[in-house]
Amino acid sequence: MYLARGSSKLMLKPKTTQEVSEILAYCNSRCLAVTPQGGNTGLVGGSVPVFDEIVLSTSLMNDIIHLDKASGILVCQAGCILESLSTYLEDHDLIMPLDLGAKGSCQIGGNISTNAGGLRLLRYGSLRGNVLGIEAVLADGTIIDCLSTLRKDNTGYDLKNLFIGSEGTLGVVTAVSIQCPPKPKAVNLAFLGCSSYENVLATYSECKNNCAEILSAFEMMDLQSMKFVTTNLGLSNPLGECPFYVVVETSGSDAQHDEEKLNKFLEVVMEQQYVMDGTIATEPSKIYALWQLRERINESMMKSGVVYKYDISLPLDVYYDVVIETRQRLGDNVLGVVGYGHIGDGNLHLNAVAPTLNKTVSDLLEPFVYEWTAKHKGSISAEHGLGFNKRNYIYYSKSDAAVELMALMKAKMDPKCILNPYKTIPVCKPASKQ
Ligand code: 2HG
Ligand code: ZN
């Protein structure tokens with residue numbers, strides 16, 4: 001559901017950090033609001049100019065600055081497209097520590113500004129661990145050079161973490177240094193069908209028992225998700241109809257060793273009847289085709305109308321209950337309620353699909369989903385951020401004191417509130433509009 005539609009009249013496309021600095025210094029002096037924009041692939045309206053904000057696009061800032069092949073540390077400008085970085089690194093036997101469905105157009109600066117999660121977080125951890133340094137420009141044009149390429153640096157406050165995940169509200173990320181893991185020599189994928197959510201969890205436990213050190217992704221999608229990708233995108237389901245599907249990816253350095261481990265795991269889960277059907281892929285084209293089923297769920301639902309999107313973290317024992325309850329609550333008011341996500345990270349994508357925007361549906365969903373999530377000690381935004389659409393719900397996941405401290409930091413770093421106003425922090429207006 002896209003609640004944020006932009007109406008900016010001006011987009012600036014700087015090429016250098018110096019140009020970003022000059023733009024912001026000017027805008028700050030004139031109280032002109034600015035919305036930083038990368039690939040504009042976010043799902044919470046974080047890169048949308050809500051009123052007449054000037055769009056500051058990083059799309060021309062796409063130079064690779066340096067790669068240290070021995071350490072795998074890459075330094076590049078913020079506008080590099082994630083997939084282009086992956087392609088570049090592959091030639092050096094390295095990979096990016098993150099991978100997302102939007103890789104073809106999202107930019108690394110946007111990934112960092114939103115602390116994007118994605119499909120590899122289970123293996124490599126969040127960007128907060130992989131990003132070693134950041135260069136950012138503050139609202140008044142000051143350039144903060146924290147572009148360290150060191151794995152260890154305990155001097156003072158870790159300022160780079162202020163810019164990671166703050167959605168361009170504290171500064172514009174202009175360059176980044178990131179630790180890139182070696183490219184795995186062997187990748188295997190198992191696409192499995194389970195008869196119940198309990199069996200999905202049992203499969204996950206067995207997978208960790210048997211494949212822990214080679215496990216690179218463990219994703220879940222329910223039958224409703226499968227129906228959307230097959231019906232709306234024409235993708236084919238390699239298995240029979242199962243209530244749940246899981247994607248298990250292993251990445252290692254020894255094909256034979258990895259296959260043995262995966263086979264052992266599959267033997268156990270089939271024998272225990274945790275898994276009712278499955279297929280394995282080692283061929284890159286088959287792996288790609290199977291990943292499409294999971295990666296394109298978001299796109300498939302949009303073809304049916306309006307999608308009400310929730311991206312929540314939950315303890316695994318209640319992870320899928322919210323889908324069942326939401327489905328019961330919405331009944332025939334919607335075309336479907338879909339649950340899928342990065343189950344290995346406790347991150348569920350709960351989506352409700354309706355033919356058009358509908359107040360009855362919105363009222364049934366909110367605050368229900370947020371209250372449910374808070375009651376079960378989850379987060380109302382696991383990986384997509386708050387942006388414009390979710391900023392007012394921050395209180396379901398953070399205390400008043402924490403939000404107050406965030407607002408103080410925002411006020412200190414951007415006193416005129418020119419940087420990405422109306423995003424992340426509840427009620428944040430540019431000085432010119434107050
Ligand atoms: C994914 O994991 C993305 O596919 C999109 O984060 C999630 O559609 C969504 O809500
Ligand atoms: Zn996701």
# chains A, B, ... in the order shown; residues from 1 in each chain; ligands from 1
$ select_by_dssp --residues "range 62-225 of chain A" --states "alpha helix (DSSP H)" --output "PyMOL selection string"
chain A and resi 82-90+108-113+121-124+127-130+160-163+197-211+223-225
$ closest_atom_pairs --of "range 345-379 of chain A" --to "range 311-335 of chain A" --cutoff "6 Å" --atoms "only C-alpha atoms" --output "Markdown table"
| residue | atom | partner | partner_atom | distance |
| --- | --- | --- | --- | --- |
| A:Gly346 | CA | A:Ser313 | CA | 5.4 |
| A:Asn347 | CA | A:Ser313 | CA | 4.4 |
| A:Leu348 | CA | A:Ile312 | CA | 5.3 |
| A:His349 | CA | A:Asp311 | CA | 4.7 |
| A:Val353 | CA | A:Leu335 | CA | 5.5 |
| A:Ala354 | CA | A:Val334 | CA | 4.6 |
| A:Gly378 | CA | A:Leu314 | CA | 4.5 |
| A:Ser379 | CA | A:Ser313 | CA | 5.0 |
$ write_last_selection --atoms "all heavy atoms" --output "mmCIF file, in the first residue's frame"
data_model
loop_
_atom_site.group_PDB
_atom_site.id
_atom_site.type_symbol
_atom_site.label_atom_id
_atom_site.label_comp_id
_atom_site.auth_asym_id
_atom_site.auth_seq_id
_atom_site.Cartn_x
_atom_site.Cartn_y
_atom_site.Cartn_z
ATOM 1 N N GLY A 346 13.514 -14.358 12.634
ATOM 2 C CA GLY A 346 12.311 -14.000 13.388
ATOM 3 C C GLY A 346 11.535 -12.868 12.730
ATOM 4 O O GLY A 346 10.757 -12.169 13.383
ATOM 5 N N ASN A 347 11.715 -12.677 11.435
ATOM 6 C CA ASN A 347 11.107 -11.536 10.720
ATOM 7 C C ASN A 347 10.000 -12.028 9.787
ATOM 8 O O ASN A 347 10.255 -12.788 8.864
ATOM 9 C CB ASN A 347 12.220 -10.846 9.925
ATOM 10 C CG ASN A 347 11.786 -9.639 9.098
ATOM 11 O OD1 ASN A 347 12.588 -9.096 8.352
ATOM 12 N ND2 ASN A 347 10.554 -9.209 9.205
ATOM 13 N N LEU A 348 8.773 -11.579 10.104
ATOM 14 C CA LEU A 348 7.609 -11.986 9.317
ATOM 15 C C LEU A 348 7.107 -10.831 8.443
ATOM 16 O O LEU A 348 6.975 -9.701 8.916
ATOM 17 C CB LEU A 348 6.471 -12.393 10.267
ATOM 18 C CG LEU A 348 5.121 -12.668 9.611
ATOM 19 C CD1 LEU A 348 5.114 -14.048 8.946
ATOM 20 C CD2 LEU A 348 3.984 -12.572 10.611
ATOM 21 N N HIS A 349 6.813 -11.127 7.186
ATOM 22 C CA HIS A 349 6.128 -10.159 6.330
ATOM 23 C C HIS A 349 4.663 -10.563 6.274
ATOM 24 O O HIS A 349 4.311 -11.580 5.671
ATOM 25 C CB HIS A 349 6.751 -10.124 4.936
ATOM 26 C CG HIS A 349 8.169 -9.638 4.944
ATOM 27 N ND1 HIS A 349 8.544 -8.470 5.576
ATOM 28 C CD2 HIS A 349 9.312 -10.157 4.447
ATOM 29 C CE1 HIS A 349 9.846 -8.295 5.451
ATOM 30 N NE2 HIS A 349 10.340 -9.311 4.775
ATOM 31 N N VAL A 353 -4.150 -8.324 1.114
ATOM 32 C CA VAL A 353 -4.365 -7.819 -0.248
ATOM 33 C C VAL A 353 -5.846 -7.553 -0.454
ATOM 34 O O VAL A 353 -6.691 -8.423 -0.214
ATOM 35 C CB VAL A 353 -3.879 -8.850 -1.291
ATOM 36 C CG1 VAL A 353 -3.926 -8.261 -2.693
ATOM 37 C CG2 VAL A 353 -2.467 -9.336 -0.966
ATOM 38 N N ALA A 354 -6.161 -6.328 -0.886
ATOM 39 C CA ALA A 354 -7.563 -5.958 -1.146
ATOM 40 C C ALA A 354 -7.644 -5.345 -2.548
ATOM 41 O O ALA A 354 -6.644 -4.833 -3.058
ATOM 42 C CB ALA A 354 -8.024 -4.944 -0.100
ATOM 43 N N GLY A 378 7.362 -8.009 20.151
ATOM 44 C CA GLY A 378 7.994 -7.955 18.832
ATOM 45 C C GLY A 378 8.359 -6.527 18.454
ATOM 46 O O GLY A 378 8.212 -5.589 19.245
ATOM 47 N N SER A 379 8.825 -6.369 17.223
ATOM 48 C CA SER A 379 9.108 -5.032 16.707
ATOM 49 C C SER A 379 8.148 -4.750 15.558
ATOM 50 O O SER A 379 7.918 -5.623 14.711
ATOM 51 C CB SER A 379 10.545 -4.939 16.197
ATOM 52 O OG SER A 379 10.678 -3.759 15.405
#
$ select_by_dssp --residues "range 214-245 of chain A" --states "strand (DSSP E)" --output "VMD selection string"
chain A and resid 215 to 222 244 to 245
$ write_last_selection --atoms "C-alpha atoms" --output "CSV table (one decimal), in the first residue's frame"
chain,number,residue,atom,x,y,z
A,215,LEU,CA,23.5,-22.5,6.4
A,216,SER,CA,23.1,-19.2,4.5
A,217,ALA,CA,19.4,-18.7,4.4
A,218,PHE,CA,16.2,-20.1,5.9
A,219,GLU,CA,13.1,-18.5,4.5
A,220,MET,CA,9.4,-19.4,4.9
A,221,MET,CA,6.4,-18.7,2.6
A,222,ASP,CA,2.8,-20.0,3.1
A,244,PHE,CA,4.0,-24.0,4.0
A,245,TYR,CA,7.2,-23.9,2.0
$ residues_near_ligand --ligand "ligand 2" --cutoff "7 Å" --atoms "only C-alpha atoms and all ligand atoms" --output "list in words"
Gly117, Gly118, Gly341, His342, His349 and Glu383 of chain A
$ write_last_selection --atoms "C-alpha atoms" --output "PDB file, in the first residue's frame"
ATOM      1  CA  GLY A 117      18.125  -6.857   6.160  1.00  0.00           C
ATOM      2  CA  GLY A 118      17.320  -9.275   3.366  1.00  0.00           C
ATOM      3  CA  GLY A 341       9.644 -13.977   5.588  1.00  0.00           C
ATOM      4  CA  HIS A 342      13.051 -14.468   7.058  1.00  0.00           C
ATOM      5  CA  HIS A 349       6.128 -10.159   6.330  1.00  0.00           C
ATOM      6  CA  GLU A 383      13.816  -4.383   8.471  1.00  0.00           C
TER       7      GLU A 383
END
$ residues_near_ligand --ligand "ligand 1" --cutoff "7 Å" --atoms "only C-alpha atoms and all ligand atoms" --output "ChimeraX atom specification"
/A:100-101,118,294-298,309-311,341-342,349-351,384
$ closest_residue --among "A:Glu83, A:Glu271, A:Tyr308, A:Gly171" --to "Asp363 in chain A" --atoms "only C-alpha atoms"
A:Tyr308
$ residues_around --residues "Thr279 in chain A" --least-positions-apart "5" --cutoff "12 Å" --atoms "only C-alpha atoms" --output "VMD selection string"
chain A and resid 188 to 193 237 to 240 245 to 248 262 to 263 266 270 286 to 287 290
$ residues_around --residues "range 88-97 of chain A" --least-positions-apart "6" --cutoff "7 Å" --atoms "only C-alpha atoms" --output "list in words"
Gly72, Arg120, Tyr124, Cys180, Pro181, Pro182 and Lys183 of chain A
$ write_last_selection --atoms "N, CA and C atoms" --output "short mmCIF file (atom, residue, chain, number, x, y, z; two decimals), in the first residue's frame"
data_model
loop_
_atom_site.label_atom_id
_atom_site.label_comp_id
_atom_site.auth_asym_id
_atom_site.auth_seq_id
_atom_site.Cartn_x
_atom_site.Cartn_y
_atom_site.Cartn_z
N GLY A 72 39.02 -8.01 1.67
CA GLY A 72 37.64 -8.00 1.18
C GLY A 72 36.91 -6.71 1.57
N ARG A 120 20.43 -12.65 3.35
CA ARG A 120 21.68 -13.22 3.88
C ARG A 120 21.98 -12.85 5.32
N TYR A 124 25.40 -13.57 7.59
CA TYR A 124 26.45 -12.54 7.73
C TYR A 124 26.11 -11.45 8.76
N CYS A 180 33.34 -7.47 2.89
CA CYS A 180 32.66 -8.41 1.98
C CYS A 180 33.20 -9.82 2.18
N PRO A 181 32.31 -10.78 2.39
CA PRO A 181 32.76 -12.16 2.60
C PRO A 181 33.23 -12.83 1.31
N PRO A 182 34.03 -13.90 1.44
CA PRO A 182 34.46 -14.64 0.26
C PRO A 182 33.27 -15.28 -0.46
N LYS A 183 33.38 -15.39 -1.77
CA LYS A 183 32.30 -16.01 -2.54
C LYS A 183 32.30 -17.52 -2.25
#
$ residues_around --residues "Gly79 in chain A" --least-positions-apart "6" --cutoff "8 Å" --atoms "only C-alpha atoms" --output "number ranges by chain"
A: 38, 58-63, 107-109, 174
$ residues_around --residues "range 413-420 of chain A" --least-positions-apart "2" --cutoff "8 Å" --atoms "only C-alpha atoms" --output "PyMOL selection string"
chain A and resi 27-28+31-36+46-47+49+138-140+167-171+409-411+422-423+428-431
$ write_last_selection --atoms "N, CA and C atoms" --output "compact mmCIF listing (two decimals), in the first residue's frame"
# COMPACT_ATOMS: atom_id res chain seq x y z
N CYS A 27 20.60 24.76 1.16
CA CYS A 27 19.21 24.46 1.57
C CYS A 27 18.99 24.80 3.04
N ASN A 28 20.00 24.48 3.85
CA ASN A 28 19.87 24.75 5.28
C ASN A 28 19.76 26.26 5.52
N CYS A 31 16.30 27.29 4.67
CA CYS A 31 15.22 26.46 5.24
C CYS A 31 14.47 25.67 4.16
N LEU A 32 15.21 25.09 3.24
CA LEU A 32 14.58 24.29 2.19
C LEU A 32 14.71 22.81 2.55
N ALA A 33 13.60 22.13 2.59
CA ALA A 33 13.62 20.72 2.99
C ALA A 33 14.13 19.83 1.86
N VAL A 34 14.85 18.77 2.25
CA VAL A 34 15.49 17.88 1.28
C VAL A 34 15.15 16.43 1.60
N THR A 35 14.78 15.68 0.58
CA THR A 35 14.58 14.24 0.76
C THR A 35 15.68 13.47 0.04
N PRO A 36 16.58 12.82 0.77
CA PRO A 36 17.60 12.02 0.09
C PRO A 36 16.93 10.79 -0.54
N GLY A 46 9.88 6.12 2.90
CA GLY A 46 11.01 6.86 3.49
C GLY A 46 11.74 7.77 2.51
N SER A 47 11.65 7.48 1.21
CA SER A 47 12.40 8.31 0.24
C SER A 47 11.47 9.15 -0.63
N PRO A 49 9.23 12.51 -1.26
CA PRO A 49 9.03 13.89 -0.79
C PRO A 49 7.54 14.09 -0.54
N LEU A 138 26.11 16.34 6.95
CA LEU A 138 25.09 16.79 7.89
C LEU A 138 24.21 17.86 7.23
N ALA A 139 23.12 18.19 7.90
CA ALA A 139 22.17 19.15 7.35
C ALA A 139 22.82 20.48 6.97
N ASP A 140 23.82 20.93 7.75
CA ASP A 140 24.42 22.25 7.46
C ASP A 140 25.56 22.15 6.44
N GLU A 167 17.42 6.56 8.15
CA GLU A 167 16.57 6.91 7.01
C GLU A 167 16.82 8.33 6.49
N GLY A 168 18.08 8.74 6.49
CA GLY A 168 18.42 10.06 5.93
C GLY A 168 17.91 11.22 6.76
N THR A 169 17.54 10.99 8.02
CA THR A 169 17.03 12.10 8.83
C THR A 169 18.15 12.81 9.61
N LEU A 170 19.32 12.15 9.72
CA LEU A 170 20.41 12.77 10.47
C LEU A 170 21.56 13.23 9.57
N GLY A 171 21.59 12.71 8.37
CA GLY A 171 22.66 13.07 7.44
C GLY A 171 22.48 12.29 6.16
N MET A 409 18.43 14.21 19.49
CA MET A 409 19.56 14.05 18.57
C MET A 409 19.23 14.68 17.22
N LYS A 410 18.00 14.46 16.79
CA LYS A 410 17.56 15.04 15.52
C LYS A 410 17.63 16.58 15.60
N ALA A 411 17.14 17.11 16.71
CA ALA A 411 17.12 18.58 16.86
C ALA A 411 18.53 19.15 16.90
N TYR A 422 9.18 14.64 8.20
CA TYR A 422 7.99 13.75 8.25
C TYR A 422 8.37 12.27 8.24
N LYS A 423 9.64 11.95 8.48
CA LYS A 423 10.05 10.54 8.44
C LYS A 423 10.65 10.12 9.80
N CYS A 428 7.51 15.50 12.84
CA CYS A 428 8.74 16.22 12.57
C CYS A 428 8.51 17.08 11.35
N LYS A 429 8.38 18.35 11.55
CA LYS A 429 8.09 19.21 10.42
C LYS A 429 9.25 20.14 10.15
N PRO A 430 9.47 20.55 8.91
CA PRO A 430 10.54 21.51 8.66
C PRO A 430 10.17 22.86 9.28
N ALA A 431 11.19 23.64 9.70
CA ALA A 431 10.95 24.91 10.37
C ALA A 431 10.00 25.79 9.56
